[in-house]
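Working notes for the structure below.
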Amino acid sequence: MPREQGEKLIASNKKARHDYAIEKTYEAGLVLTGTEVKSLRQGRANLTDGYAYIDGGQAYLDAVHIPEYSQGHWTNHSAKRTRKLLLHKEEIVKLSHAVAAGGYTLVPLRLYFLDGRAKVEIAVAKGKREFEKRQTIREREDKREAERAMRTRNRLGE
């Protein structure tokens with residue numbers, strides 16, 4: 001069987017982009033068991049409550065829900081276990097300094113397969129306050145209205 005090519009998205013965390021201001025993103029590998037990989041290949045995962053943390057020079061992903069594999073048996077995994085992230089030592093040091101600086105957290109944005117390997121995109125993010133969220137929504141709606149007005153203007157001008 002030929003090896004997979006390209007990127008296949010499994011899950012994305014749209015809520016994170018709403019609740020956090022994204023500063024920088026990193027791509028990390030995941031240490032998974034066999035039934036977790038099979039469950040991900042079925043496209044089943046949920047990142048909404050997930051977060052990452054640094055402990056003892058290692059990066060971990062916690063509270064990401066990967067449901068049990070439907071055809072699995074006693075070898076099945078627990079759905080919300082802590083999973084180790086595969087990052088370079090320099091990246092882990094950068095992440096730990098950013099989190100230690102205060103106000104920042106590590107949030108998973110996307111879970112995907114890249115050339116057959118499970119990857120997660122984590123971001124160094126700062127939490128938005130309520131008025132910042134409203135302002136972001138207002139800016140997005142204003143941009144949409146401006147594009148709509150330009151389309152109607154271009155149609156009338158033809």
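Each chain of the structure tokens is named A, B, ... in the order shown, its residues numbered from 1; ligands are numbered from 1 in display order.
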
For range 23-30 of chain A: contacts at 12 Å, only C-alpha atoms, fewer than 4 positions along chain excluded, given as a PyMOL selection string:
chain A and resi 17+36-37+40+52+59-62+64+82-92+94-95+98-99+103-114+116-127

Kindly save the residues from that selection, with C-alpha atoms included, as a PDB file, in the first residue's frame.
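Printed below is out00.pdb as written:
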ATOM      1  CA  ARG A  17      -9.261  31.656  17.633  1.00  0.00           C
ATOM      2  CA  GLU A  36      -5.801   6.261  18.934  1.00  0.00           C
ATOM      3  CA  VAL A  37      -4.349   6.411  15.421  1.00  0.00           C
ATOM      4  CA  LEU A  40      -8.099   9.569  14.289  1.00  0.00           C
ATOM      5  CA  ALA A  52      -0.698  21.942  26.436  1.00  0.00           C
ATOM      6  CA  ALA A  59       5.629  19.040  26.519  1.00  0.00           C
ATOM      7  CA  TYR A  60       2.254  17.370  27.068  1.00  0.00           C
ATOM      8  CA  LEU A  61      -1.199  17.714  25.514  1.00  0.00           C
ATOM      9  CA  ASP A  62      -4.080  17.313  27.934  1.00  0.00           C
ATOM     10  CA  VAL A  64      -8.037  16.472  24.036  1.00  0.00           C
ATOM     11  CA  THR A  82      -2.433  13.024  28.614  1.00  0.00           C
ATOM     12  CA  ARG A  83      -0.350  12.665  25.445  1.00  0.00           C
ATOM     13  CA  LYS A  84       3.298  13.574  25.010  1.00  0.00           C
ATOM     14  CA  LEU A  85       4.216  16.148  22.351  1.00  0.00           C
ATOM     15  CA  LEU A  86       7.297  15.683  20.197  1.00  0.00           C
ATOM     16  CA  LEU A  87       9.161  18.994  19.940  1.00  0.00           C
ATOM     17  CA  HIS A  88      12.790  20.057  19.684  1.00  0.00           C
ATOM     18  CA  LYS A  89      14.452  21.029  22.963  1.00  0.00           C
ATOM     19  CA  GLU A  90      14.862  24.655  21.803  1.00  0.00           C
ATOM     20  CA  GLU A  91      11.144  24.884  21.022  1.00  0.00           C
ATOM     21  CA  ILE A  92      10.239  23.509  24.456  1.00  0.00           C
ATOM     22  CA  LYS A  94      10.897  28.919  24.063  1.00  0.00           C
ATOM     23  CA  LEU A  95       7.414  27.702  24.982  1.00  0.00           C
ATOM     24  CA  ALA A  98       6.592  32.330  26.996  1.00  0.00           C
ATOM     25  CA  VAL A  99       4.256  30.636  29.477  1.00  0.00           C
ATOM     26  CA  GLY A 103      -0.626  35.727  30.648  1.00  0.00           C
ATOM     27  CA  TYR A 104       0.135  33.165  27.944  1.00  0.00           C
ATOM     28  CA  THR A 105      -1.142  29.632  27.487  1.00  0.00           C
ATOM     29  CA  LEU A 106      -0.544  26.815  25.008  1.00  0.00           C
ATOM     30  CA  VAL A 107      -3.634  25.958  22.970  1.00  0.00           C
ATOM     31  CA  PRO A 108      -4.063  23.270  20.270  1.00  0.00           C
ATOM     32  CA  LEU A 109      -5.408  24.755  17.021  1.00  0.00           C
ATOM     33  CA  ARG A 110      -5.478  21.853  14.567  1.00  0.00           C
ATOM     34  CA  LEU A 111      -4.998  18.082  14.600  1.00  0.00           C
ATOM     35  CA  TYR A 112      -4.034  16.557  11.254  1.00  0.00           C
ATOM     36  CA  PHE A 113      -2.070  13.888   9.423  1.00  0.00           C
ATOM     37  CA  LEU A 114       0.985  15.096   7.502  1.00  0.00           C
ATOM     38  CA  GLY A 116       0.802   9.719   7.358  1.00  0.00           C
ATOM     39  CA  ARG A 117       2.008  11.061  10.719  1.00  0.00           C
ATOM     40  CA  ALA A 118      -0.266  12.622  13.334  1.00  0.00           C
ATOM     41  CA  LYS A 119       0.614  16.255  14.048  1.00  0.00           C
ATOM     42  CA  VAL A 120      -0.893  18.966  16.209  1.00  0.00           C
ATOM     43  CA  GLU A 121      -0.515  22.709  15.722  1.00  0.00           C
ATOM     44  CA  ILE A 122      -0.149  24.402  19.095  1.00  0.00           C
ATOM     45  CA  ALA A 123      -0.147  28.146  19.648  1.00  0.00           C
ATOM     46  CA  VAL A 124       1.229  30.495  22.257  1.00  0.00           C
ATOM     47  CA  ALA A 125      -1.901  32.521  22.964  1.00  0.00           C
ATOM     48  CA  LYS A 126      -3.107  35.279  25.251  1.00  0.00           C
ATOM     49  CA  GLY A 127      -6.703  35.208  26.467  1.00  0.00           C
TER      50      GLY A 127
END

Those of range 5-124 of chain A in DSSP strand (DSSP E), formatted as a VMD selection string:
chain A and resid 7 to 12 20 to 30 51 to 55 58 to 62 83 to 86 104 to 114 117 to 124

Got a sec to tell me which of chain A DSSP assigns to alpha helix (DSSP H), as a ChimeraX atom specification?
/A:14-19,34-41,89-100,130-157

Writer output for current selection, C-alpha atoms, as a PDB file, in the first residue's frame:
ATOM      1  CA  LYS A  14     -12.363  27.365  16.019  1.00  0.00           C
ATOM      2  CA  LYS A  15     -13.221  28.365  19.586  1.00  0.00           C
ATOM      3  CA  ALA A  16      -9.525  28.983  20.327  1.00  0.00           C
ATOM      4  CA  ARG A  17      -9.261  31.656  17.633  1.00  0.00           C
ATOM      5  CA  HIS A  18     -12.294  33.368  19.166  1.00  0.00           C
ATOM      6  CA  ASP A  19     -11.177  33.157  22.795  1.00  0.00           C
ATOM      7  CA  GLY A  34      -2.505   2.083  17.876  1.00  0.00           C
ATOM      8  CA  THR A  35      -6.191   2.469  18.661  1.00  0.00           C
ATOM      9  CA  GLU A  36      -5.801   6.261  18.934  1.00  0.00           C
ATOM     10  CA  VAL A  37      -4.349   6.411  15.421  1.00  0.00           C
ATOM     11  CA  LYS A  38      -7.178   4.243  14.074  1.00  0.00           C
ATOM     12  CA  SER A  39      -9.761   6.465  15.768  1.00  0.00           C
ATOM     13  CA  LEU A  40      -8.099   9.569  14.289  1.00  0.00           C
ATOM     14  CA  ARG A  41      -8.103   7.997  10.829  1.00  0.00           C
ATOM     15  CA  LYS A  89      14.452  21.029  22.963  1.00  0.00           C
ATOM     16  CA  GLU A  90      14.862  24.655  21.803  1.00  0.00           C
ATOM     17  CA  GLU A  91      11.144  24.884  21.022  1.00  0.00           C
ATOM     18  CA  ILE A  92      10.239  23.509  24.456  1.00  0.00           C
ATOM     19  CA  VAL A  93      12.512  26.105  26.103  1.00  0.00           C
ATOM     20  CA  LYS A  94      10.897  28.919  24.063  1.00  0.00           C
ATOM     21  CA  LEU A  95       7.414  27.702  24.982  1.00  0.00           C
ATOM     22  CA  SER A  96       8.245  27.402  28.677  1.00  0.00           C
ATOM     23  CA  HIS A  97       9.696  30.943  28.729  1.00  0.00           C
ATOM     24  CA  ALA A  98       6.592  32.330  26.996  1.00  0.00           C
ATOM     25  CA  VAL A  99       4.256  30.636  29.477  1.00  0.00           C
ATOM     26  CA  ALA A 100       6.415  31.616  32.463  1.00  0.00           C
ATOM     27  CA  GLU A 130     -15.057  40.125  26.456  1.00  0.00           C
ATOM     28  CA  PHE A 131     -14.843  43.551  24.794  1.00  0.00           C
ATOM     29  CA  GLU A 132     -11.945  42.350  22.607  1.00  0.00           C
ATOM     30  CA  LYS A 133     -14.086  39.436  21.392  1.00  0.00           C
ATOM     31  CA  ARG A 134     -16.938  41.808  20.524  1.00  0.00           C
ATOM     32  CA  GLN A 135     -14.509  44.100  18.701  1.00  0.00           C
ATOM     33  CA  THR A 136     -13.166  41.189  16.637  1.00  0.00           C
ATOM     34  CA  ILE A 137     -16.705  40.168  15.655  1.00  0.00           C
ATOM     35  CA  ARG A 138     -17.550  43.777  14.740  1.00  0.00           C
ATOM     36  CA  GLU A 139     -14.431  44.085  12.549  1.00  0.00           C
ATOM     37  CA  ARG A 140     -15.261  40.831  10.762  1.00  0.00           C
ATOM     38  CA  GLU A 141     -18.853  41.979  10.092  1.00  0.00           C
ATOM     39  CA  ASP A 142     -17.661  45.394   8.844  1.00  0.00           C
ATOM     40  CA  LYS A 143     -15.228  43.725   6.455  1.00  0.00           C
ATOM     41  CA  ARG A 144     -17.993  41.417   5.181  1.00  0.00           C
ATOM     42  CA  GLU A 145     -20.344  44.385   4.612  1.00  0.00           C
ATOM     43  CA  ALA A 146     -17.630  46.313   2.742  1.00  0.00           C
ATOM     44  CA  GLU A 147     -16.984  43.329   0.452  1.00  0.00           C
ATOM     45  CA  ARG A 148     -20.714  42.958  -0.171  1.00  0.00           C
ATOM     46  CA  ALA A 149     -21.012  46.666  -1.052  1.00  0.00           C
ATOM     47  CA  MET A 150     -18.065  46.413  -3.447  1.00  0.00           C
ATOM     48  CA  ARG A 151     -19.627  43.409  -5.183  1.00  0.00           C
ATOM     49  CA  THR A 152     -22.957  45.194  -5.700  1.00  0.00           C
ATOM     50  CA  ARG A 153     -21.150  48.350  -6.875  1.00  0.00           C
ATOM     51  CA  ASN A 154     -19.119  46.342  -9.402  1.00  0.00           C
ATOM     52  CA  ARG A 155     -22.263  44.634 -10.708  1.00  0.00           C
ATOM     53  CA  LEU A 156     -24.069  47.962 -11.174  1.00  0.00           C
ATOM     54  CA  GLY A 157     -21.057  49.511 -12.900  1.00  0.00           C
TER      55      GLY A 157
END

I'd like the contact shell of Ile66 in chain A - 9 Å cut-off, only C-alpha atoms, skipping same-chain residues fewer than 2 positions apart - returned as a ChimeraX atom specification.
/A:36,39-40,44-47,64,68-69,77-81

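Of the listed residues (A:Gln42, A:Ser12, A:Lys128, A:Thr33), A:Gln42 comes nearest to Ser70 in chain A; the distances count only C-alpha atoms.
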
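You can rank A:Leu32, A:Asp115, A:Asp49, A:Gly57 by their closest distance to Asn76 in chain A using only C-alpha atoms, and at the top of that list sits A:Leu32.
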
Separation of CA of Arg129 in chain A from CA of Ile22 in chain A in Å
13.6 Å
